[in-house]
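Dumped run.txt below, it's compact mmCIF, C-alpha atoms:
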# COMPACT_ATOMS: atom_id res chain seq x y z
CA MET N 135 164.14 101.89 210.38
CA GLN N 136 167.18 103.81 211.61
CA GLY N 137 166.60 105.74 214.83
CA GLY N 138 163.29 107.01 216.17
CA ILE N 139 160.62 108.46 213.89
CA VAL N 140 158.76 111.42 215.37
CA TYR N 141 155.15 112.34 214.73
CA GLY N 142 154.54 116.02 215.43
CA GLY N 143 150.84 116.21 214.67
CA LEU N 144 149.50 116.35 218.23
CA LYS N 145 148.98 119.99 219.14
CA TYR N 146 148.03 119.42 222.77
CA GLN N 147 149.20 117.50 225.80
CA ALA N 148 148.52 113.77 225.67
CA ARG N 149 148.74 110.60 227.76
CA CYS N 150 147.22 107.74 225.75
CA ILE N 151 148.44 105.72 222.79
CA THR N 152 147.34 102.27 221.60
CA ASP N 153 148.26 99.85 218.86
CA VAL N 154 145.55 99.23 216.25
CA SER N 155 146.07 95.48 216.39
CA ALA N 156 143.14 94.70 214.07
CA ASP N 157 144.81 96.62 211.22
CA THR N 158 146.61 93.72 209.54
CA ASP N 159 147.70 95.75 206.50
CA ASN N 160 149.52 98.59 208.27
CA THR N 161 151.47 99.34 211.43
CA SER N 162 149.18 101.90 213.01
CA PHE N 163 148.40 103.55 216.32
CA LEU N 164 145.75 105.77 217.92
CA ALA N 165 146.72 108.68 220.18
CA GLY N 166 144.43 110.94 222.21
CA THR N 167 144.89 114.36 223.84
CA VAL N 168 144.02 115.82 227.28
CA SER N 169 143.62 119.53 226.62
CA LEU N 170 141.74 121.45 229.30
CA LYS N 171 140.60 124.30 227.06
CA GLU N 172 140.79 123.17 223.44
CA GLU N 173 138.70 120.56 221.63
CA ASN N 174 140.49 117.26 222.08
CA GLU N 175 141.58 115.02 219.24
CA VAL N 176 142.15 111.37 218.36
CA HIS N 177 144.88 110.82 215.75
CA PHE N 178 144.98 107.70 213.57
CA ILE N 179 148.72 107.36 212.85
CA ARG N 180 150.23 104.99 210.30
CA LEU N 181 153.86 104.04 209.73
CA SER N 182 154.74 104.39 206.04
CA PRO N 183 155.43 101.15 204.10
CA TYR N 184 159.18 101.74 204.10
CA GLY N 185 159.23 102.72 207.76
CA THR N 186 160.53 106.21 207.12
CA GLU N 187 157.72 108.48 208.34
CA LEU N 188 154.53 108.60 210.39
CA VAL N 189 151.43 109.66 208.48
CA CYS N 190 148.16 110.99 209.88
CA GLU N 191 145.47 108.75 208.40
CA GLY N 192 142.72 110.59 210.24
CA LEU N 193 142.15 113.35 212.80
CA PHE N 194 138.93 113.20 214.78
CA TYR N 195 137.55 115.60 217.36
CA HIS N 196 136.69 114.14 220.75
CA PRO N 197 134.41 115.98 223.21
CA SER N 198 136.53 115.71 226.38
CA GLU N 199 139.98 114.98 227.83
CA ILE N 200 141.05 111.40 227.02
CA TRP N 201 142.45 109.50 230.01
CA ASP N 202 142.24 105.98 228.60
CA LEU N 203 142.27 104.83 224.98
CA LYS N 204 142.02 101.25 223.70
CA SER N 205 141.63 99.91 220.18
CA CYS N 206 139.19 97.09 219.53
CA PRO N 207 141.26 93.93 218.87
CA PHE N 208 138.98 92.66 216.09
CA ASP N 209 137.81 95.83 214.28
CA SER N 210 140.33 98.52 213.34
CA ARG N 211 137.63 101.22 213.14
CA ILE N 212 136.36 100.74 216.71
CA PHE N 213 137.98 102.03 219.90
CA SER N 214 137.06 103.00 223.45
CA THR N 215 137.85 106.04 225.57
CA VAL N 216 137.55 107.07 229.19
CA PHE N 217 137.18 110.83 229.35
CA THR N 218 136.54 113.68 231.73
CA SER N 219 135.05 117.14 231.62
CA GLY N 220 135.56 118.97 234.89
CA GLU N 221 134.43 116.58 237.63
CA THR N 222 132.37 114.42 235.25
CA TYR N 223 133.75 111.13 233.91
CA GLY N 224 132.43 109.04 231.05
CA ALA N 225 133.28 106.01 228.92
CA SER N 226 132.23 105.31 225.36
CA ILE N 227 132.93 103.05 222.41
CA TRP N 228 133.41 104.88 219.11
CA GLU N 229 133.59 104.07 215.43
CA ILE N 230 135.90 105.81 212.97
CA PRO N 231 133.90 106.87 209.90
CA GLU N 232 134.90 105.86 206.40
CA LEU N 233 137.74 108.15 205.36
CA TYR N 234 137.41 108.01 201.56
CA GLY N 235 140.95 109.34 201.21
CA GLN N 236 140.42 112.33 203.51
CA SER N 237 142.52 112.75 206.64
CA ASN N 238 140.11 115.18 208.31
CA ALA N 239 137.05 112.94 208.45
CA PRO N 240 133.49 113.44 209.69
CA GLN N 241 132.74 113.30 213.40
CA LEU N 242 133.32 110.09 215.34
CA GLU N 243 130.23 107.97 215.80
CA GLU N 244 129.47 107.06 219.40
CA LEU N 245 128.33 103.44 219.30
CA VAL N 246 127.60 102.94 223.00
CA SER N 247 128.03 104.84 226.23
CA LEU N 248 128.84 102.97 229.45
CA LYS N 249 126.69 104.96 231.85
CA GLU N 250 126.39 102.83 235.00
CA HIS N 251 129.43 104.28 236.78
CA ALA N 252 129.01 106.49 239.83
CA SER N 253 132.71 106.61 240.77
CA LYS N 254 135.71 108.01 238.94
CA LEU N 255 136.34 105.92 235.82
CA LYS N 256 139.80 104.50 235.19
CA CYS N 257 139.87 102.25 232.12
CA ILE N 258 138.13 99.95 229.68
CA LEU N 259 139.56 96.52 228.87
CA TRP N 260 139.05 94.43 225.73
CA TRP N 261 139.91 90.76 225.71
CA PRO N 262 143.11 90.77 223.60
CA ARG N 263 142.64 87.46 221.76
CA GLY N 264 140.26 88.09 218.88
CA ARG N 265 136.51 88.63 218.67
CA HIS N 266 134.68 88.85 221.98
CA ASP N 267 131.32 90.48 222.69
CA LYS N 268 132.22 91.70 226.17
CA VAL N 269 134.26 94.53 227.65
CA ILE N 270 135.29 95.37 231.21
CA SER N 271 135.12 98.83 232.72
CA ILE N 272 136.85 99.77 235.96
CA ASP N 273 136.15 102.74 238.20
CA GLU N 274 137.66 103.52 241.59
CA GLY N 275 135.24 101.30 243.45
CA ASN N 276 133.72 98.84 240.99
CA LEU N 277 134.37 96.28 238.30
CA PHE N 278 131.76 95.98 235.51
CA LEU N 279 131.38 93.27 232.87
CA TRP N 280 129.40 94.44 229.83
CA SER N 281 127.83 92.70 226.86
CA ILE N 282 128.37 94.88 223.79
CA ASP N 283 126.53 94.81 220.47
CA THR N 284 128.06 97.46 218.22
CA SER N 285 125.66 96.71 215.35
CA SER N 286 122.59 97.53 217.44
CA LYS N 287 124.50 100.09 219.54
CA THR N 288 123.59 98.52 222.85
CA ALA N 289 125.52 97.84 226.06
CA LYS N 290 124.20 95.79 228.96
CA VAL N 291 125.76 95.18 232.37
CA ILE N 292 126.13 91.43 232.90
CA SER N 293 127.68 91.62 236.36
CA GLN N 294 129.22 94.09 238.77
CA GLU N 295 131.34 93.85 241.90
CA SER N 296 132.41 96.47 244.42
CA VAL N 297 135.84 96.47 246.06
CA GLY N 298 134.58 98.29 249.14
CA MET N 299 135.46 101.60 250.73
CA LEU N 300 139.02 100.74 251.77
CA HIS N 301 140.52 100.54 248.28
CA ARG N 302 140.54 102.57 245.08
CA LEU N 303 141.06 100.71 241.84
CA SER N 304 143.39 102.34 239.32
CA GLY N 305 143.59 99.88 236.40
CA GLY N 306 143.82 96.30 235.29
CA SER N 307 144.64 93.72 232.64
CA TRP N 308 142.54 90.95 231.05
CA ASP N 309 144.15 87.50 231.01
CA PRO N 310 144.83 86.59 227.33
CA HIS N 311 144.88 82.88 228.25
CA ASP N 312 141.54 82.86 230.09
CA GLN N 313 138.72 85.24 229.22
CA ASN N 314 137.14 84.55 232.63
CA VAL N 315 140.02 86.12 234.60
CA VAL N 316 140.99 89.77 235.04
CA ALA N 317 143.64 91.36 237.29
CA THR N 318 142.93 94.72 238.92
CA ILE N 319 145.31 97.00 240.78
CA CYS N 320 144.95 99.61 243.50
CA GLU N 321 147.21 101.48 245.90
CA SER N 322 148.07 98.44 248.02
CA TRP N 323 147.29 95.18 246.19
CA LEU N 324 146.72 93.31 242.96
CA GLN N 325 143.58 91.20 242.88
CA CYS N 326 142.49 88.57 240.35
CA TRP N 327 138.77 88.08 239.71
CA ASP N 328 136.75 85.20 238.26
CA LEU N 329 134.31 86.95 235.92
CA ARG N 330 131.87 84.03 236.03
CA THR N 331 131.21 84.54 239.73
CA MET N 332 132.74 87.99 240.30
CA LYS N 333 134.61 86.49 243.22
CA LYS N 334 138.16 87.32 244.22
CA ALA N 335 140.80 84.73 243.48
CA ASN N 336 144.48 85.08 244.36
CA SER N 337 146.10 88.39 245.25
CA ILE N 338 149.43 90.15 245.77
CA GLU N 339 149.53 92.55 248.69
CA ASN N 340 151.67 95.31 250.21
CA ALA N 341 152.84 97.04 247.04
CA HIS N 342 151.79 100.26 245.32
CA PHE N 343 151.03 99.15 241.77
CA ARG N 344 150.99 101.58 238.87
CA ASP N 345 150.42 99.12 236.03
CA VAL N 346 150.10 95.42 235.22
CA ASP N 347 150.35 93.26 232.10
CA TYR N 348 149.98 89.55 231.40
CA ASN N 349 152.69 87.51 229.70
CA PRO N 350 151.23 86.71 226.24
CA LYS N 351 152.99 83.34 225.98
CA LYS N 352 153.11 81.94 229.52
CA GLN N 353 149.94 81.44 231.53
CA HIS N 354 149.80 82.73 235.16
CA ILE N 355 152.79 85.08 234.62
CA ILE N 356 152.35 88.85 235.03
CA VAL N 357 154.58 91.90 235.22
CA THR N 358 153.88 94.88 237.49
CA ALA N 359 155.15 98.42 237.73
CA GLU N 360 155.46 99.61 241.34
CA ASP N 361 156.33 102.88 243.00
CA GLU N 362 159.08 101.60 245.27
CA SER N 363 160.23 98.30 243.76
CA GLY N 364 160.41 99.09 240.05
CA ILE N 365 159.40 96.17 237.82
CA ARG N 366 158.49 92.75 239.20
CA ILE N 367 157.53 89.51 237.48
CA TRP N 368 155.13 87.20 239.32
CA ASP N 369 153.75 83.69 239.06
CA LEU N 370 150.15 84.07 240.24
CA ARG N 371 150.14 80.49 241.50
CA LYS N 372 152.89 81.39 244.00
CA PRO N 373 152.39 85.09 244.75
CA LYS N 374 154.37 85.24 247.99
CA PHE N 375 157.61 86.25 246.24
CA PRO N 376 158.20 87.64 242.74
CA MET N 377 160.01 85.53 240.17
CA ALA N 378 162.31 88.43 239.31
CA GLU N 379 162.84 92.09 240.03
CA LEU N 380 163.97 94.42 237.23
CA PRO N 381 165.10 98.04 237.36
CA GLY N 382 162.45 100.74 237.31
CA HIS N 383 162.83 104.41 236.49
CA VAL N 384 164.55 107.24 238.35
CA HIS N 385 161.10 108.66 239.08
CA TRP N 386 157.72 106.89 238.89
CA THR N 387 157.42 103.92 236.55
CA TRP N 388 154.08 104.63 234.95
CA ALA N 389 153.50 101.88 232.37
CA VAL N 390 154.76 98.36 231.60
CA ARG N 391 154.10 96.16 228.55
CA TYR N 392 155.14 92.68 227.49
CA ASN N 393 156.12 92.32 223.84
CA PRO N 394 153.30 90.40 222.07
CA GLU N 395 155.72 87.97 220.38
CA TYR N 396 159.05 88.05 222.26
CA ASP N 397 157.76 87.60 225.78
CA ASP N 398 161.16 88.13 227.41
CA LEU N 399 161.16 91.74 226.13
CA ILE N 400 159.46 94.25 228.41
CA LEU N 401 158.90 97.95 227.76
CA THR N 402 158.46 100.51 230.54
CA ALA N 403 157.71 104.23 230.61
CA GLY N 404 158.25 106.72 233.39
CA THR N 405 157.94 110.28 234.59
CA ASP N 406 161.74 110.59 234.27
CA SER N 407 161.21 111.24 230.53
CA ALA N 408 162.51 107.84 229.49
CA VAL N 409 161.39 104.53 227.97
CA ASN N 410 163.33 101.42 229.00
CA LEU N 411 163.72 98.17 227.08
CA LEU N 412 164.32 95.24 229.44
CA LEU N 413 165.33 91.64 228.87
CA ALA N 414 163.57 89.43 231.39
CA SER N 415 164.14 85.73 230.86
CA THR N 416 161.83 84.13 233.38
CA PRO N 417 162.11 80.47 234.36
CA GLY N 418 160.01 78.20 232.20
CA SER N 419 159.22 75.91 235.09
CA SER N 420 157.30 76.74 238.24
CA ASP N 421 160.02 74.84 240.10
CA SER N 422 162.22 77.92 239.70
CA THR N 423 159.79 80.19 241.50
CA PRO N 424 161.51 81.49 244.66
CA GLU N 425 160.38 79.97 247.93
CA SER N 426 162.39 82.26 250.20
CA LEU N 427 163.87 85.73 250.33
CA ALA N 428 167.31 84.23 249.66
CA ASP N 429 166.06 82.55 246.47
CA TYR N 430 164.34 85.77 245.46
CA ALA N 431 167.50 87.83 245.96
CA ALA N 432 169.45 85.42 243.77
CA LEU N 433 167.13 86.19 240.84
CA ARG N 434 167.80 89.92 240.88
CA MET N 435 169.59 91.13 237.77
CA ASP N 436 170.27 94.16 235.60
CA PRO N 437 168.61 93.38 232.29
CA LEU N 438 168.45 96.90 230.83
CA LEU N 439 169.04 96.58 227.08
CA HIS N 440 168.51 100.24 226.24
CA SER N 441 167.05 103.44 227.66
CA TYR N 442 165.39 105.79 225.17
CA SER N 443 165.77 109.27 226.61
CA ASP N 444 165.00 111.56 223.69
CA TYR N 445 162.03 113.12 225.48
CA GLU N 446 161.46 116.46 227.17
CA ASP N 447 158.45 115.46 229.28
CA SER N 448 157.02 112.51 231.22
CA VAL N 449 156.20 109.45 229.14
CA TYR N 450 152.79 108.01 230.00
CA GLY N 451 151.93 105.98 226.91
CA ILE N 452 153.69 102.99 225.30
CA ALA N 453 152.38 100.43 222.82
CA TRP N 454 153.99 97.51 220.99
CA SER N 455 152.86 96.83 217.44
CA ARG N 456 151.19 93.42 217.16
CA ARG N 457 151.69 93.41 213.40
CA GLU N 458 155.41 94.19 213.72
CA PRO N 459 156.47 93.12 217.23
CA SER N 460 159.93 94.67 216.81
CA ILE N 461 158.32 98.15 216.71
CA PHE N 462 156.83 100.22 219.52
CA ALA N 463 155.35 103.69 219.88
CA SER N 464 155.69 106.01 222.85
CA LEU N 465 153.88 109.20 223.80
CA SER N 466 155.18 111.91 226.10
CA TYR N 467 152.95 114.40 227.87
CA ASP N 468 153.91 117.22 225.50
CA GLY N 469 152.22 115.32 222.65
CA ARG N 470 155.34 113.86 221.06
CA VAL N 471 154.89 110.43 219.46
CA VAL N 472 158.05 108.45 218.73
CA VAL N 473 158.20 105.09 216.94
CA GLU N 474 161.29 102.94 217.48
CA SER N 475 162.56 99.56 216.30
CA VAL N 476 164.15 97.07 218.70
CA LYS N 477 165.53 94.80 215.97
CA PRO N 478 169.18 95.49 216.97
CA TYR N 479 168.42 94.11 220.44
CA LEU N 480 166.64 90.98 219.23
CA GLU N 481 170.01 89.71 218.00
CA LYS N 482 171.51 90.17 221.47
CA LYS N 483 168.93 88.13 223.34
Please, can you express the file's structure as structure tokens?
Amino acid sequence: MQGGIVYGGLKYQARCITDVSADTDNTSFLAGTVSLKEENEVHFIRLSPYGTELVCEGLFYHPSEIWDLKSCPFDSRIFSTVFTSGETYGASIWEIPELYGQSNAPQLEELVSLKEHASKLKCILWWPRGRHDKVISIDEGNLFLWSIDTSSKTAKVISQESVGMLHRLSGGSWDPHDQNVVATICESWLQCWDLRTMKKANSIENAHFRDVDYNPKKQHIIVTAEDESGIRIWDLRKPKFPMAELPGHVHWTWAVRYNPEYDDLILTAGTDSAVNLLLASTPGSSDSTPESLADYAALRMDPLLHSYSDYEDSVYGIAWSRREPSIFASLSYDGRVVVESVKPYLEKK
């Protein structure tokens, strides 16, 4: 692949893109739109075998604006959305119908609807490591753990916890090393939860978090995107100081993702119409975690490998390909999907 490949099939504004990690035969992504007036769409996008073009494998109408979109990690035809219509929010799990060679397929099948939320919904989380019969949903005030049976089309709340009136949750990430731990973020802290008891574990305070992601290779290590401090890497066992601070964006840093295979590669997206590729070699030993501000300052560095700036609008969505970890997709608000390869930078690591 030489240079970025652009998919121009999205007709409306969009914020969400996700890798279809369960598709082991193709490098594919799902993207969803947020049109206020038109019928919204989910596009099933596949990279051609020779990596020269992006092909629409399926276009499906979705009833409302899509604000969160996640692909099921063990079934390529199943995905979840958080959506809104006016002041009403909802969350559902959908199944893509059999295509039979047609790109414009029948209507999506709603498998289950997650209807217990009374507050503004933010996201749905799937455990990233294979088959799991549970999902997590997060609204502004609550964390829900659901048991899902897609074959019988049922969803049951196993447990729920409220964060209280003083905070508003905005997102989270499920620990790939421990299916009993999830990290949630709000305007002033990051909080880890034990899903077995729904009790709070460790936390990081006094930062405005926009996004969080777990290191796929190293347990207890996370990366956060913050309004004022850019990108920070943390060891959750010693949350007083970050392990490293990396450059953010000129404007808000909206999203951050660890590469699924090369865990020292981090991708970020921002409202400055750019996607940044960062090299973040974190210490392998907890002995290197900073114990003081002086130690923390010594770990600051400028690891920017490349900034992709061929966008005309804010970039809200980024997704690494699990099948081909050297490839990522990005989505800007004007509906432009770009797929890039980072292979040239793997040789420089």
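For Pro207 of chain N, the non-local neighbours within 7 Å, defined as residues at least 4 positions apart in the same chain or in other chains and counting all atoms listed in the file, are Ser155, Ala156, Pro262 and Gly264 of chain N.
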Considering only C-alpha atoms, return as a list in words whatever protein or nucleic-acid residues lie within 10 Å of Pro310 of chain N, sequence-local ones (same chain, fewer than 6 positions apart) excluded.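 After dropping sequence-adjacent residues, the list is Trp260, Trp261, Pro262, Arg263, Gly264, Val316, Asp347, Tyr348, Asn349, Pro350, Lys351, Lys352 and Gln353 of chain N.
Going from atom CA of Asp159 of chain N over to atom CA of Ser475 of chain N, you cover 18.2 Å.
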Which residues are close to segment 357-370 of chain N, i.e. within 10 Å by all atoms listed in the file, leaving aside same-chain residues fewer than 5 positions away? Reply as a PyMOL selection string. chain N and resi 319+321+324+326+335-338+341-349+352+375-392+400+402-404+412+414+416+420+423-424+434
Using the selection just defined, write its residues with C-alpha atoms as a CSV table (one decimal), in the frame of the given file.
chain,number,residue,atom,x,y,z
N,319,ILE,CA,145.3,97.0,240.8
N,321,GLU,CA,147.2,101.5,245.9
N,324,LEU,CA,146.7,93.3,243.0
N,326,CYS,CA,142.5,88.6,240.4
N,335,ALA,CA,140.8,84.7,243.5
N,336,ASN,CA,144.5,85.1,244.4
N,337,SER,CA,146.1,88.4,245.2
N,338,ILE,CA,149.4,90.2,245.8
N,341,ALA,CA,152.8,97.0,247.0
N,342,HIS,CA,151.8,100.3,245.3
N,343,PHE,CA,151.0,99.2,241.8
N,344,ARG,CA,151.0,101.6,238.9
N,345,ASP,CA,150.4,99.1,236.0
N,346,VAL,CA,150.1,95.4,235.2
N,347,ASP,CA,150.4,93.3,232.1
N,348,TYR,CA,150.0,89.6,231.4
N,349,ASN,CA,152.7,87.5,229.7
N,352,LYS,CA,153.1,81.9,229.5
N,375,PHE,CA,157.6,86.2,246.2
N,376,PRO,CA,158.2,87.6,242.7
N,377,MET,CA,160.0,85.5,240.2
N,378,ALA,CA,162.3,88.4,239.3
N,379,GLU,CA,162.8,92.1,240.0
N,380,LEU,CA,164.0,94.4,237.2
N,381,PRO,CA,165.1,98.0,237.4
N,382,GLY,CA,162.4,100.7,237.3
N,383,HIS,CA,162.8,104.4,236.5
N,384,VAL,CA,164.6,107.2,238.4
N,385,HIS,CA,161.1,108.7,239.1
N,386,TRP,CA,157.7,106.9,238.9
N,387,THR,CA,157.4,103.9,236.6
N,388,TRP,CA,154.1,104.6,235.0
N,389,ALA,CA,153.5,101.9,232.4
N,390,VAL,CA,154.8,98.4,231.6
N,391,ARG,CA,154.1,96.2,228.6
N,392,TYR,CA,155.1,92.7,227.5
N,400,ILE,CA,159.5,94.2,228.4
N,402,THR,CA,158.5,100.5,230.5
N,403,ALA,CA,157.7,104.2,230.6
N,404,GLY,CA,158.2,106.7,233.4
N,412,LEU,CA,164.3,95.2,229.4
N,414,ALA,CA,163.6,89.4,231.4
N,416,THR,CA,161.8,84.1,233.4
N,420,SER,CA,157.3,76.7,238.2
N,423,THR,CA,159.8,80.2,241.5
N,424,PRO,CA,161.5,81.5,244.7
N,434,ARG,CA,167.8,89.9,240.9
In Å, with one decimal, what is the gap from atom CA of His177 of chain N to atom CA of Gly192 of chain N? 5.9 Å
Counting all atoms listed in the file, give me one row per residue of segment 185-275 of chain N with an atom at most 6 Å from an atom of segment 287-309 of chain N, showing the shortest contact pair and its distance in Å to one decimal, sorted by chain then residue number, as a Markdown table.
| residue | atom | partner | partner_atom | distance |
| --- | --- | --- | --- | --- |
| N:Leu245 | CA | N:Lys287 | CA | 5.1 |
| N:Val246 | CA | N:Lys287 | CA | 5.5 |
| N:Lys256 | CA | N:Ser304 | CA | 5.9 |
| N:Trp261 | CA | N:Trp308 | CA | 6.0 |
| N:Glu274 | CA | N:Leu303 | CA | 4.4 |
| N:Gly275 | CA | N:Val297 | CA | 5.5 |
So, with all atoms listed in the file as the atoms that count, which of N:Pro394, N:Gly166, N:Pro183, N:Pro231 lies closest to Phe217 of chain N?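 Of N:Pro394, N:Gly166, N:Pro183, N:Pro231, the one nearest Phe217 of chain N, counting all atoms listed in the file, is N:Gly166.
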For Glu395 of chain N, work out the shell of residues within 9 Å, counting all atoms listed in the file and skipping chain neighbours fewer than 2 positions away, then give it as a PyMOL selection string. chain N and resi 350-351+392-393+397-399+456+459-460
Grab the atom CA of Ser219 of chain N to atom CA of Gly469 of chain N distance for me, in Å with one decimal place.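 So the two atoms, atom CA of Ser219 of chain N and atom CA of Gly469 of chain N, lie 19.5 Å apart.
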Of the listed residues N:Glu339, N:Asp157, N:Glu250, N:Glu232, that which approaches Trp323 of chain N most closely, counting only C-alpha atoms: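 For Trp323 of chain N, the nearest of the given residues is N:Glu339.
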So which residues touch segment 179-182 of chain N within 7 Å, counting only C-alpha atoms, skipping near sequence neighbours fewer than 5 positions away, as number ranges by chain? N: 160-164, 187-191
